[in-house]
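Working notes, structure below.
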Amino acid sequence: MRFMVITKATAESESGRPAATEDFETVGNFIQELIDAGVLLAADGLHPSSQGARIYFDGEKKTVMDGPFTETKELIAGFFLVETKSLEECVEWFKRYPVLRPGATEPTNIEIRRVIQIEDVGEELTAEQRETVERRDQGARYN
């Protein structure tokens, strides 16, 4: 099963300051463990929301809003894409995630969400649609 593990932004991550060298190494060691175990498919951090944009859809109307997104309670700071046998295994891995400098910033959390795969859709797809999705998956970067 594939899971997206979403790390949440903090005031520190939204400031745009790069991580301290020791924090970079701590997370890097955790990432290396995921790689060595054959669990990690992808992992990336995100620039602060001040460097992003949102597109709002209202029927045919599309409105673009530049960041920062101060009205949002929780922002994404980064993600991991992993493959484990179960949600429980994924949880066990990420209970070990090194929260950087505990106590230095506000409390945070990570969110784990299962990625929908073609076998989850069941018989809803026609043979042609299933073939199209499989062909698309073969060309995807993180497949």
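Following the order of the structure tokens, chains are lettered A, B, ..., residues in each are numbered from 1, and ligands are numbered from 1.
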Discussion item. Give me, as a ChimeraX atom specification, the residues of chain A that a backbone DSSP run labels alpha helix (DSSP H).
Written reply: /A:11-14,21-36,87-94,118-121,127-139
Worksheet item: Pro48 of chain A: which residues within 7 Å, counting only C-alpha atoms, same-chain residues fewer than 5 positions away excluded, as a list of chain:residue names?
Response: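 After dropping sequence-adjacent residues, the list is A:Ser13, A:Glu14, A:Ser15, A:Gly16.
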Neighbour list for segment 69-85 of chain A as an mmCIF file with C-alpha atoms, in the first residue's frame, cut-off 7 Å, only C-alpha atoms, skip fewer than 4 positions in-chain:
```
data_model
loop_
_atom_site.group_PDB
_atom_site.id
_atom_site.type_symbol
_atom_site.label_atom_id
_atom_site.label_comp_id
_atom_site.auth_asym_id
_atom_site.auth_seq_id
_atom_site.Cartn_x
_atom_site.Cartn_y
_atom_site.Cartn_z
ATOM 1 C CA MET A 1 0.000 0.000 0.000
ATOM 2 C CA ARG A 2 1.156 3.500 -0.743
ATOM 3 C CA PHE A 3 0.805 6.324 1.749
ATOM 4 C CA MET A 4 1.414 10.039 1.615
ATOM 5 C CA VAL A 5 2.797 11.317 4.882
ATOM 6 C CA ILE A 6 2.179 15.041 5.149
ATOM 7 C CA THR A 7 4.325 17.199 7.390
ATOM 8 C CA LYS A 8 2.715 20.383 8.660
ATOM 9 C CA ALA A 9 4.134 23.873 8.463
ATOM 10 C CA SER A 13 9.083 26.645 8.305
ATOM 11 C CA VAL A 39 9.980 1.943 1.948
ATOM 12 C CA LEU A 40 10.616 5.418 0.519
ATOM 13 C CA LEU A 41 9.300 6.312 -2.940
ATOM 14 C CA ALA A 42 9.700 10.107 -2.697
ATOM 15 C CA ALA A 43 10.258 12.864 -0.141
ATOM 16 C CA ASP A 44 10.384 16.615 -0.537
ATOM 17 C CA GLY A 45 10.019 19.762 1.498
ATOM 18 C CA LEU A 46 8.088 22.768 0.278
ATOM 19 C CA SER A 49 3.310 29.527 1.223
ATOM 20 C CA GLU A 89 3.446 -0.318 9.554
ATOM 21 C CA CYS A 90 3.488 3.219 8.160
#
```
Item to complete: as a PyMOL selection string, list the residues of chain A assigned to strand (DSSP E) by DSSP on the backbone atoms of this structure.
Response: chain A and resi 2-8+40-45+53-58+61-66+76-83+110-114
Output for the residues just chosen: C-alpha atoms as a PDB file, in the first residue's frame:
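Contents of selection-v8.pdb, as written:
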```pdb
ATOM      1  CA  ARG A   2       1.156   3.500  -0.743  1.00  0.00           C
ATOM      2  CA  PHE A   3       0.805   6.324   1.749  1.00  0.00           C
ATOM      3  CA  MET A   4       1.414  10.039   1.615  1.00  0.00           C
ATOM      4  CA  VAL A   5       2.797  11.317   4.882  1.00  0.00           C
ATOM      5  CA  ILE A   6       2.179  15.041   5.149  1.00  0.00           C
ATOM      6  CA  THR A   7       4.325  17.199   7.390  1.00  0.00           C
ATOM      7  CA  LYS A   8       2.715  20.383   8.660  1.00  0.00           C
ATOM      8  CA  LEU A  40      10.616   5.418   0.519  1.00  0.00           C
ATOM      9  CA  LEU A  41       9.300   6.312  -2.940  1.00  0.00           C
ATOM     10  CA  ALA A  42       9.700  10.107  -2.697  1.00  0.00           C
ATOM     11  CA  ALA A  43      10.258  12.864  -0.141  1.00  0.00           C
ATOM     12  CA  ASP A  44      10.384  16.615  -0.537  1.00  0.00           C
ATOM     13  CA  GLY A  45      10.019  19.762   1.498  1.00  0.00           C
ATOM     14  CA  ALA A  53      -0.366  30.530  -5.236  1.00  0.00           C
ATOM     15  CA  ARG A  54      -3.887  29.133  -4.944  1.00  0.00           C
ATOM     16  CA  ILE A  55      -6.485  28.848  -7.652  1.00  0.00           C
ATOM     17  CA  TYR A  56     -10.100  29.122  -6.491  1.00  0.00           C
ATOM     18  CA  PHE A  57     -12.781  27.600  -8.723  1.00  0.00           C
ATOM     19  CA  ASP A  58     -16.373  28.826  -8.782  1.00  0.00           C
ATOM     20  CA  LYS A  61     -14.690  31.638 -12.683  1.00  0.00           C
ATOM     21  CA  LYS A  62     -11.086  31.031 -11.631  1.00  0.00           C
ATOM     22  CA  THR A  63      -9.390  33.338  -9.154  1.00  0.00           C
ATOM     23  CA  VAL A  64      -5.674  33.183  -8.433  1.00  0.00           C
ATOM     24  CA  MET A  65      -4.450  34.245  -4.995  1.00  0.00           C
ATOM     25  CA  ASP A  66      -0.769  34.617  -4.206  1.00  0.00           C
ATOM     26  CA  ILE A  76       1.772  21.570   4.316  1.00  0.00           C
ATOM     27  CA  ALA A  77       5.538  21.878   4.776  1.00  0.00           C
ATOM     28  CA  GLY A  78       6.555  18.689   2.986  1.00  0.00           C
ATOM     29  CA  PHE A  79       5.677  15.107   2.212  1.00  0.00           C
ATOM     30  CA  PHE A  80       6.895  11.547   2.037  1.00  0.00           C
ATOM     31  CA  LEU A  81       5.515   8.993  -0.376  1.00  0.00           C
ATOM     32  CA  VAL A  82       6.098   5.521   1.062  1.00  0.00           C
ATOM     33  CA  GLU A  83       5.047   1.952   0.397  1.00  0.00           C
ATOM     34  CA  ILE A 110       1.981  14.651  10.643  1.00  0.00           C
ATOM     35  CA  GLU A 111      -0.884  13.227   8.636  1.00  0.00           C
ATOM     36  CA  ILE A 112      -0.868   9.843   6.933  1.00  0.00           C
ATOM     37  CA  ARG A 113      -3.221   9.249   4.002  1.00  0.00           C
ATOM     38  CA  ARG A 114      -3.495   6.174   1.815  1.00  0.00           C
TER      39      ARG A 114
END
```
Discussion item. For a test of reading the model, state the distance in Å between atom CA of Arg96 of chain A and atom CA of Ala20 of chain A, rounded to one decimal.
Written reply: 19.6 Å
Discussion item. As an exercise, work out the distance from atom CA of Leu34 of chain A to atom CA of Ala140 of chain A in Å and give it to one decimal place.
Written reply: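 Distance between the two atoms: 21.0 Å.
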Item to complete: Grab the atom CA of Glu123 of chain A to atom CA of Gln138 of chain A distance for me, in Å with one decimal place.
Response: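 We find that atom CA of Glu123 of chain A and atom CA of Gln138 of chain A lie 20.5 Å from each other.
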Discussion item. I'd like the contact shell of Val27 of chain A - 10 Å cut-off, only C-alpha atoms, skipping same-chain residues fewer than 6 positions apart - returned as number ranges by chain.
Written reply: A: 33, 97-100
Save out the residues we just selected, N, CA and C atoms, as a compact mmCIF listing (two decimals), in the first residue's frame.
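Final output, saved to again10.txt:
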```txt
# COMPACT_ATOMS: atom_id res chain seq x y z
N GLU A 33 17.20 5.66 6.46
CA GLU A 33 16.62 4.42 7.00
C GLU A 33 15.44 3.95 6.15
N TYR A 97 9.65 9.57 13.35
CA TYR A 97 10.04 10.77 12.61
C TYR A 97 10.65 11.78 13.58
N PRO A 98 11.82 12.32 13.27
CA PRO A 98 12.48 13.23 14.20
C PRO A 98 11.88 14.63 14.15
N VAL A 99 11.03 14.93 15.11
CA VAL A 99 10.50 16.30 15.21
C VAL A 99 11.67 17.19 15.60
N LEU A 100 11.88 18.19 14.80
CA LEU A 100 13.08 19.01 14.96
C LEU A 100 12.96 19.98 16.13
```
Worksheet item: Looking at A:Ile118, A:Gly28, A:Glu124, A:Thr108, which one is nearest to Arg136 of chain A, with distances taken over only C-alpha atoms?
Response: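 Using only C-alpha atoms, Arg136 of chain A sits closest to A:Ile118.
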